[in-house]
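Everything below concerns the one structure shown next.
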Amino acid sequence: MKVIVMGAGVVGVASAYYLAEAGHEVVLIDRQPGPALETSFANAGEISPGYASPWAAPGIPAKAIRWLFMRHAPLIIDPHIDMAMLRWTLAMLRNCTAARYALNKSRMVRLADFSRDELIALRGRLGLDYDQRSRGTLQLFRTQKQIDASAGDIAVLQDYGVPYDVLDRDGCIAAEPGLAAARDHFLGGLRLPQDETGDCHIFTNRLAAMLPAMGVDIRYDCAIEGLEKDEGRIAGVRTDAGVVRGDAYLVALAAYSPALLRPLGLRLPIYPVKGYSITLPIADEARAPVSTLLDESYKIAITRLGDRIRVGGMAELSGFNNALPARREATLRHSLNDLFPGAADNHAPSHFWSGLRPMTPDATPIVGATPIPNLFLNAGHGTLGWTMACGSGRLVANIIGGEAPPIDPEGLGLSRYSR
């Protein structure tokens, strides 16, 4: 079968790999001159199945109001609200119940846990190196209220058999010795020892470099203009270099997927939630993180990537824009320097970046078939594209090929939004 994959971020490249591995003829199309140059370029770097949690949770509406007035706010909302933002926000708020939170988290953990195992297997087969570390992740709690609120997440981890450690202040410092200089700034933490870290951009580029040898036809600098439909099926992808035709079509265009499918009458509830990151060289090894730390108060991840520190986070609802306000960089630096003072070279260029995370209202990606028989989706991973890429790529490849899915696909498809 000839499969056209649209999008060369980490999700699209992983999907192309698994499709080619299954014996399909694959064409990979992207408007950029290379892979992973948008949302996959400089994300926070953590691969954290256990922390795969919906943003929509009980108590979030009240928290969101408080966040908006914080000096270093984890949530920013553009005052010029558009209809897409309004629809997405209302749908997200409908998921802020205990029952929906538990259901959505269970779906996310199922896919993310499988994806981590797939990544480990893939890395072993191909000998990939991407500044990876298998040292776990630590969610750091600054208040007792945060510690108390973690009980719900711990219950889900127990249900799925995910190993975890509840740590006091000394336990956190034992896991991340660089925190010793900030011991009065937190109370405890939740550590997941099986989580990993790694540079998503390096991984995607090295995996993409292997695709031509597998027979994949990669077409960079190729802008997708629309899909052609004939007799109820997709007949081709219209690009600025002509029409590309195949037997099956996979949309992995992250936040740009809804615009492509809207003319076909398909509505994807995906909104671009903007995130930011900075990357700095390490100045003092002893003060630097050894893996990933999640600062629960500011919703910021601080990750060790080789000889660099990547600091990423925040959620901004402002549509499709990539502006880089200085105050967002200040928030990232505040979290880093508060918890790991002296770890980074703050005088070096920070490589300040922003990306548009493709978020669904329930935070679960949309993976699988559509009402159009030969059109498939792998989009809407939000902040977890790096965590879920290999798992969702393998899953959608099996679905497209008509093979038994490697995990239960229930609740991961577009059909859940038609109920």
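Please note that chains go A, B, ... in the order of the structure tokens, that every chain numbers its residues from 1, and that ligands are numbered from 1 in the order shown.
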Near Leu167 of chain A, counting only C-alpha atoms, which residues have an atom at most 10 Å away, once you skip same-chain residues fewer than 2 positions from it, shown as a PDB file with N, CA and C atoms, in the first residue's frame?
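out.pdb, freshly written:
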```pdb
ATOM      1  N   LEU A 138      11.233  14.034  38.225  1.00  0.00           N
ATOM      2  CA  LEU A 138      10.834  14.440  39.573  1.00  0.00           C
ATOM      3  C   LEU A 138       9.873  15.611  39.486  1.00  0.00           C
ATOM      4  N   GLN A 139       8.648  15.416  39.966  1.00  0.00           N
ATOM      5  CA  GLN A 139       7.669  16.489  40.067  1.00  0.00           C
ATOM      6  C   GLN A 139       7.828  17.129  41.436  1.00  0.00           C
ATOM      7  N   LEU A 140       8.177  18.397  41.455  1.00  0.00           N
ATOM      8  CA  LEU A 140       8.546  19.074  42.699  1.00  0.00           C
ATOM      9  C   LEU A 140       7.377  19.901  43.230  1.00  0.00           C
ATOM     10  N   PHE A 141       7.047  19.689  44.495  1.00  0.00           N
ATOM     11  CA  PHE A 141       5.934  20.376  45.136  1.00  0.00           C
ATOM     12  C   PHE A 141       6.467  21.441  46.092  1.00  0.00           C
ATOM     13  N   TYR A 164       6.650   4.373  41.277  1.00  0.00           N
ATOM     14  CA  TYR A 164       6.793   5.765  41.695  1.00  0.00           C
ATOM     15  C   TYR A 164       7.378   5.819  43.102  1.00  0.00           C
ATOM     16  N   ASP A 165       7.937   6.971  43.440  1.00  0.00           N
ATOM     17  CA  ASP A 165       8.471   7.205  44.781  1.00  0.00           C
ATOM     18  C   ASP A 165       7.934   8.535  45.285  1.00  0.00           C
ATOM     19  N   ARG A 169      11.774  16.268  51.377  1.00  0.00           N
ATOM     20  CA  ARG A 169      12.779  17.221  50.886  1.00  0.00           C
ATOM     21  C   ARG A 169      14.143  16.545  50.673  1.00  0.00           C
ATOM     22  N   ASP A 170      14.567  15.740  51.642  1.00  0.00           N
ATOM     23  CA  ASP A 170      15.869  15.082  51.520  1.00  0.00           C
ATOM     24  C   ASP A 170      15.875  14.062  50.387  1.00  0.00           C
ATOM     25  N   GLY A 171      14.750  13.403  50.189  1.00  0.00           N
ATOM     26  CA  GLY A 171      14.653  12.440  49.101  1.00  0.00           C
ATOM     27  C   GLY A 171      14.767  13.105  47.736  1.00  0.00           C
ATOM     28  N   CYS A 172      14.169  14.295  47.616  1.00  0.00           N
ATOM     29  CA  CYS A 172      14.272  15.052  46.361  1.00  0.00           C
ATOM     30  C   CYS A 172      15.723  15.435  46.086  1.00  0.00           C
ATOM     31  N   ILE A 173      16.424  15.862  47.118  1.00  0.00           N
ATOM     32  CA  ILE A 173      17.824  16.266  46.949  1.00  0.00           C
ATOM     33  C   ILE A 173      18.702  15.058  46.628  1.00  0.00           C
ATOM     34  N   ALA A 174      18.355  13.891  47.176  1.00  0.00           N
ATOM     35  CA  ALA A 174      19.104  12.680  46.840  1.00  0.00           C
ATOM     36  C   ALA A 174      18.940  12.335  45.361  1.00  0.00           C
ATOM     37  N   ALA A 175      17.721  12.558  44.832  1.00  0.00           N
ATOM     38  CA  ALA A 175      17.463  12.279  43.416  1.00  0.00           C
ATOM     39  C   ALA A 175      18.069  13.336  42.516  1.00  0.00           C
ATOM     40  N   LEU A 187       8.831  21.366  49.387  1.00  0.00           N
ATOM     41  CA  LEU A 187       8.527  20.480  50.508  1.00  0.00           C
ATOM     42  C   LEU A 187       8.747  19.008  50.195  1.00  0.00           C
ATOM     43  N   GLY A 188       8.542  18.635  48.941  1.00  0.00           N
ATOM     44  CA  GLY A 188       8.659  17.224  48.580  1.00  0.00           C
ATOM     45  C   GLY A 188       8.429  17.035  47.102  1.00  0.00           C
ATOM     46  N   GLY A 189       8.262  15.765  46.701  1.00  0.00           N
ATOM     47  CA  GLY A 189       8.087  15.504  45.285  1.00  0.00           C
ATOM     48  C   GLY A 189       7.592  14.102  45.003  1.00  0.00           C
ATOM     49  N   LEU A 190       7.262  13.885  43.743  1.00  0.00           N
ATOM     50  CA  LEU A 190       6.837  12.583  43.246  1.00  0.00           C
ATOM     51  C   LEU A 190       7.774  12.208  42.109  1.00  0.00           C
ATOM     52  N   ARG A 191       8.481  11.097  42.273  1.00  0.00           N
ATOM     53  CA  ARG A 191       9.485  10.696  41.278  1.00  0.00           C
ATOM     54  C   ARG A 191       9.031   9.441  40.553  1.00  0.00           C
TER      55      ARG A 191
END
```
Write out as a CSV table (one decimal) with N, CA and C atoms, in the first residue's frame each polymer residue whose atoms come within 12 Å of Asp129 of chain A, counting only C-alpha atoms; drop sequence neighbours fewer than 4 positions from it.
```
chain,number,residue,atom,x,y,z
A,119,LEU,N,9.9,3.2,22.2
A,119,LEU,CA,11.1,4.0,22.0
A,119,LEU,C,12.3,3.3,22.4
A,120,ILE,N,12.3,2.6,23.5
A,120,ILE,CA,13.4,1.9,24.0
A,120,ILE,C,13.8,0.8,23.0
A,122,LEU,N,13.0,0.7,19.8
A,122,LEU,CA,13.5,1.3,18.5
A,122,LEU,C,14.9,1.8,18.7
A,123,ARG,N,15.2,2.4,19.8
A,123,ARG,CA,16.6,2.8,20.1
A,123,ARG,C,17.6,1.7,20.1
A,124,GLY,N,17.2,0.6,20.6
A,124,GLY,CA,18.0,-0.6,20.6
A,124,GLY,C,18.3,-1.2,19.2
A,125,ARG,N,17.2,-1.2,18.4
A,125,ARG,CA,17.3,-1.8,17.1
A,125,ARG,C,18.2,-0.9,16.2
A,133,ARG,N,18.8,10.2,28.5
A,133,ARG,CA,19.1,9.7,29.9
A,133,ARG,C,17.9,8.9,30.4
A,197,THR,N,14.7,11.2,29.4
A,197,THR,CA,14.8,12.5,28.8
A,197,THR,C,15.6,12.3,27.5
A,198,GLY,N,15.5,13.3,26.6
A,198,GLY,CA,16.3,13.3,25.3
A,198,GLY,C,15.9,14.4,24.5
A,199,ASP,N,16.7,14.7,23.5
A,199,ASP,CA,16.5,15.8,22.6
A,199,ASP,C,15.7,15.3,21.4
A,200,CYS,N,14.4,15.8,21.4
A,200,CYS,CA,13.5,15.4,20.3
A,200,CYS,C,13.9,15.8,18.9
A,201,HIS,N,14.5,16.9,18.8
A,201,HIS,CA,15.0,17.4,17.5
A,201,HIS,C,16.1,16.5,16.9
A,202,ILE,N,17.0,16.1,17.8
A,202,ILE,CA,18.1,15.2,17.3
A,202,ILE,C,17.5,13.9,17.0
A,203,PHE,N,16.7,13.3,17.8
A,203,PHE,CA,16.1,12.0,17.6
A,203,PHE,C,15.3,12.0,16.2
A,204,THR,N,14.5,13.0,16.0
A,204,THR,CA,13.7,13.0,14.8
A,204,THR,C,14.6,13.1,13.5
A,205,ASN,N,15.6,14.0,13.6
A,205,ASN,CA,16.5,14.1,12.5
A,205,ASN,C,17.3,12.8,12.2
A,206,ARG,N,17.7,12.1,13.3
A,206,ARG,CA,18.5,10.9,13.0
A,206,ARG,C,17.6,9.7,12.6
A,207,LEU,N,16.4,9.7,13.0
A,207,LEU,CA,15.4,8.7,12.5
A,207,LEU,C,15.1,9.0,11.1
A,305,LEU,N,20.1,18.0,29.0
A,305,LEU,CA,20.3,17.4,27.7
A,305,LEU,C,21.8,17.5,27.3
A,306,GLY,N,22.5,16.5,27.6
A,306,GLY,CA,24.0,16.5,27.4
A,306,GLY,C,24.6,17.6,28.2
```
Do a neighbour search on Glu46 of chain A at 10 Å with only C-alpha atoms, toss out local chain neighbours closer than 4 positions, and write the hits as a count of residues only. 26
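Those residues that approach Cys390 of chain A to within 6 Å, counting only C-alpha atoms, are Ala14, Ser115, Glu118 and Leu119 of chain A; same-chain residues fewer than 4 positions away are not listed.
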The selected residues should be written to file as a JSON list (two decimals), in the first residue's frame (atoms: C-alpha atoms).
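Listed below is the output, selection_39.json:
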```json
[["chain", "number", "residue", "atom", "x", "y", "z"],
["A", 14, "ALA", "CA", 7.84, 8.05, 13.65],
["A", 115, "SER", "CA", 5.20, 4.54, 23.61],
["A", 118, "GLU", "CA", 8.47, 1.30, 21.78],
["A", 119, "LEU", "CA", 11.08, 4.05, 21.97]]
```
Do you have, as JSON lines, the list of residues of segment 24-124 of chain A lying at most 12 Å from segment 330-341 of chain A, each with its nearest atom pair and that distance in Å to one decimal, counting only C-alpha atoms and ordered by chain then number?
```
{"residue": "A:Ala44", "atom": "CA", "partner": "A:Leu332", "partner_atom": "CA", "distance": 11.3}
{"residue": "A:Met70", "atom": "CA", "partner": "A:Thr331", "partner_atom": "CA", "distance": 10.5}
{"residue": "A:Arg71", "atom": "CA", "partner": "A:Thr331", "partner_atom": "CA", "distance": 8.3}
{"residue": "A:His72", "atom": "CA", "partner": "A:Thr331", "partner_atom": "CA", "distance": 5.1}
{"residue": "A:Ala73", "atom": "CA", "partner": "A:Thr331", "partner_atom": "CA", "distance": 7.6}
{"residue": "A:Pro74", "atom": "CA", "partner": "A:Thr331", "partner_atom": "CA", "distance": 8.6}
{"residue": "A:Leu75", "atom": "CA", "partner": "A:Thr331", "partner_atom": "CA", "distance": 11.3}
{"residue": "A:Ile76", "atom": "CA", "partner": "A:Thr331", "partner_atom": "CA", "distance": 11.9}
```
Ala241 of chain A surroundings by only C-alpha atoms, 9 Å radius, close-in-sequence under 2 positions cut, as a ChimeraX atom specification: /A:222-224,238-239,243-244
Per DSSP on the backbone, what are the strand (DSSP E) residues of segment 184-419 of chain A, as a ChimeraX atom specification? /A:188-192,196-197,217-219,224-230,233-239,242-244,248-251,271-281,292-295,300-305,308-317,353-359,366-369,375-379
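Using only C-alpha atoms, the nearest neighbour of Gly242 of chain A within the list A:Gly380, A:Gly226, A:Gly319, A:Pro49 is A:Gly226.
Interatomic distance, atom CA of Ser15 of chain A against atom CA of Met1 of chain A: 14.5 Å.
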Alpha helix (DSSP H) positions in segment 294-354 of chain A, given as a PDB file with N, CA and C atoms, in the first residue's frame:
```
ATOM      1  N   ALA A 326       9.845  39.106  26.117  1.00  0.00           N
ATOM      2  CA  ALA A 326      10.929  38.960  27.091  1.00  0.00           C
ATOM      3  C   ALA A 326      10.415  38.470  28.443  1.00  0.00           C
ATOM      4  N   ARG A 327       9.189  38.822  28.815  1.00  0.00           N
ATOM      5  CA  ARG A 327       8.676  38.422  30.118  1.00  0.00           C
ATOM      6  C   ARG A 327       8.462  36.910  30.217  1.00  0.00           C
ATOM      7  N   ARG A 328       8.246  36.230  29.081  1.00  0.00           N
ATOM      8  CA  ARG A 328       8.124  34.769  29.117  1.00  0.00           C
ATOM      9  C   ARG A 328       9.493  34.136  29.388  1.00  0.00           C
ATOM     10  N   GLU A 329      10.515  34.682  28.764  1.00  0.00           N
ATOM     11  CA  GLU A 329      11.856  34.180  29.042  1.00  0.00           C
ATOM     12  C   GLU A 329      12.209  34.409  30.506  1.00  0.00           C
ATOM     13  N   ALA A 330      11.777  35.535  31.061  1.00  0.00           N
ATOM     14  CA  ALA A 330      12.068  35.828  32.471  1.00  0.00           C
ATOM     15  C   ALA A 330      11.447  34.780  33.390  1.00  0.00           C
ATOM     16  N   THR A 331      10.244  34.292  33.046  1.00  0.00           N
ATOM     17  CA  THR A 331       9.602  33.262  33.853  1.00  0.00           C
ATOM     18  C   THR A 331      10.398  31.961  33.818  1.00  0.00           C
ATOM     19  N   LEU A 332      10.870  31.564  32.647  1.00  0.00           N
ATOM     20  CA  LEU A 332      11.670  30.348  32.533  1.00  0.00           C
ATOM     21  C   LEU A 332      12.958  30.465  33.332  1.00  0.00           C
ATOM     22  N   ARG A 333      13.621  31.609  33.211  1.00  0.00           N
ATOM     23  CA  ARG A 333      14.866  31.811  33.957  1.00  0.00           C
ATOM     24  C   ARG A 333      14.610  31.839  35.466  1.00  0.00           C
ATOM     25  N   HIS A 334      13.471  32.397  35.876  1.00  0.00           N
ATOM     26  CA  HIS A 334      13.158  32.461  37.302  1.00  0.00           C
ATOM     27  C   HIS A 334      13.067  31.056  37.895  1.00  0.00           C
ATOM     28  N   SER A 335      12.347  30.158  37.232  1.00  0.00           N
ATOM     29  CA  SER A 335      12.213  28.796  37.746  1.00  0.00           C
ATOM     30  C   SER A 335      13.567  28.095  37.802  1.00  0.00           C
ATOM     31  N   LEU A 336      14.347  28.231  36.737  1.00  0.00           N
ATOM     32  CA  LEU A 336      15.662  27.592  36.693  1.00  0.00           C
ATOM     33  C   LEU A 336      16.572  28.111  37.805  1.00  0.00           C
ATOM     34  N   ASN A 337      16.696  29.419  37.907  1.00  0.00           N
ATOM     35  CA  ASN A 337      17.648  29.997  38.857  1.00  0.00           C
ATOM     36  C   ASN A 337      17.180  29.886  40.306  1.00  0.00           C
ATOM     37  N   ASP A 338      15.873  29.752  40.507  1.00  0.00           N
ATOM     38  CA  ASP A 338      15.349  29.570  41.849  1.00  0.00           C
ATOM     39  C   ASP A 338      15.666  28.173  42.383  1.00  0.00           C
ATOM     40  N   LEU A 339      15.606  27.168  41.504  1.00  0.00           N
ATOM     41  CA  LEU A 339      15.803  25.787  41.940  1.00  0.00           C
ATOM     42  C   LEU A 339      17.230  25.278  41.725  1.00  0.00           C
TER      43      LEU A 339
END
```
Computed gap from atom CA of Leu377 of chain A to atom CA of Tyr17 of chain A is 15.6 Å
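Counting only C-alpha atoms and comparing A:Ala343, A:Ala84, A:Ala379, A:Ala112, the residue that lies closest to Pro177 of chain A is A:Ala343.
Every protein, DNA or RNA residue with an atom at most 9 Å from Val109 of chain A, where only C-alpha atoms count and chain neighbours fewer than 4 positions away do not, is listed here: Pro49, Gly50, Tyr51, Ala52, Ser53, Asn104, Lys105, Asp113, Phe114, Val156, Leu157 and Tyr160 of chain A.
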Within 9 Å of segment 253-269 of chain A, which residues of segment 10-91 of chain A come that close, and what is the closest atom pair and distance in Å for each? Count only C-alpha atoms and give it as CSV.
```
residue,atom,partner,partner_atom,distance
A:Val11,CA,A:Ala254,CA,8.5
A:Gly12,CA,A:Leu253,CA,7.7
A:Asp30,CA,A:Leu253,CA,8.7
A:Thr39,CA,A:Ala254,CA,8.1
A:Ala84,CA,A:Pro269,CA,8.7
A:Arg87,CA,A:Pro269,CA,8.4
A:Trp88,CA,A:Pro269,CA,6.6
A:Ala91,CA,A:Pro269,CA,8.6
```
Resulting file, chosen residues, C-alpha atoms, as a PDB file, in the first residue's frame:
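The result, written out as result.pdb:
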```pdb
ATOM      1  CA  VAL A  11       4.961  12.164  15.215  1.00  0.00           C
ATOM      2  CA  GLY A  12       4.992  12.162  11.402  1.00  0.00           C
ATOM      3  CA  ASP A  30       6.545  18.740   4.899  1.00  0.00           C
ATOM      4  CA  THR A  39       6.749  22.101  17.587  1.00  0.00           C
ATOM      5  CA  ALA A  84     -11.836  28.620  17.933  1.00  0.00           C
ATOM      6  CA  ARG A  87     -15.040  26.568  21.578  1.00  0.00           C
ATOM      7  CA  TRP A  88     -11.897  24.755  22.674  1.00  0.00           C
ATOM      8  CA  ALA A  91     -14.946  21.903  25.660  1.00  0.00           C
TER       9      ALA A  91
END
```
Val216 of chain A environment, 10 Å, only C-alpha atoms, sequence neighbours closer than 3 positions dropped, as a PyMOL selection string: chain A and resi 3+16-17+19-20+24-28+208+210-213+219
Output for the residues just chosen: N, CA and C atoms as a short mmCIF file (atom, residue, chain, number, x, y, z; two decimals), in the first residue's frame:
```
data_model
loop_
_atom_site.label_atom_id
_atom_site.label_comp_id
_atom_site.auth_asym_id
_atom_site.auth_seq_id
_atom_site.Cartn_x
_atom_site.Cartn_y
_atom_site.Cartn_z
N VAL A 3 1.29 4.93 1.17
CA VAL A 3 0.74 5.80 2.20
C VAL A 3 1.43 7.16 2.13
N ALA A 16 5.98 7.46 9.73
CA ALA A 16 6.57 7.03 8.46
C ALA A 16 7.50 5.84 8.68
N TYR A 17 8.26 5.85 9.75
CA TYR A 17 9.17 4.74 10.04
C TYR A 17 8.39 3.44 10.23
N LEU A 19 5.37 2.65 9.31
CA LEU A 19 4.70 2.24 8.07
C LEU A 19 5.68 1.58 7.11
N ALA A 20 6.89 2.18 6.98
CA ALA A 20 7.90 1.59 6.10
C ALA A 20 8.37 0.25 6.64
N HIS A 24 5.07 -0.91 3.78
CA HIS A 24 4.32 0.00 2.93
C HIS A 24 5.26 0.92 2.15
N GLU A 25 4.80 1.38 0.99
CA GLU A 25 5.49 2.43 0.25
C GLU A 25 5.06 3.76 0.87
N VAL A 26 6.01 4.56 1.30
CA VAL A 26 5.68 5.76 2.06
C VAL A 26 6.25 7.00 1.39
N VAL A 27 5.43 8.06 1.33
CA VAL A 27 5.86 9.39 0.92
C VAL A 27 5.64 10.32 2.10
N LEU A 28 6.68 11.04 2.52
CA LEU A 28 6.61 11.96 3.66
C LEU A 28 6.73 13.38 3.14
N ALA A 208 14.80 10.30 10.77
CA ALA A 208 14.45 10.68 9.39
C ALA A 208 15.58 10.36 8.42
N MET A 210 17.36 7.86 8.36
CA MET A 210 17.35 6.43 8.05
C MET A 210 16.21 6.04 7.11
N LEU A 211 15.25 6.93 6.92
CA LEU A 211 14.07 6.57 6.14
C LEU A 211 14.35 6.32 4.66
N PRO A 212 15.19 7.12 3.99
CA PRO A 212 15.43 6.84 2.56
C PRO A 212 15.94 5.42 2.30
N ALA A 213 16.79 4.90 3.19
CA ALA A 213 17.30 3.54 3.01
C ALA A 213 16.18 2.51 3.14
N ARG A 219 9.83 14.49 0.90
CA ARG A 219 9.70 15.71 0.11
C ARG A 219 9.59 16.91 1.05
#
```
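Residue nearest Lys2 of chain A, chosen from A:Leu227, A:Ala22, A:Leu86, A:Met108 and counting only C-alpha atoms: A:Ala22.
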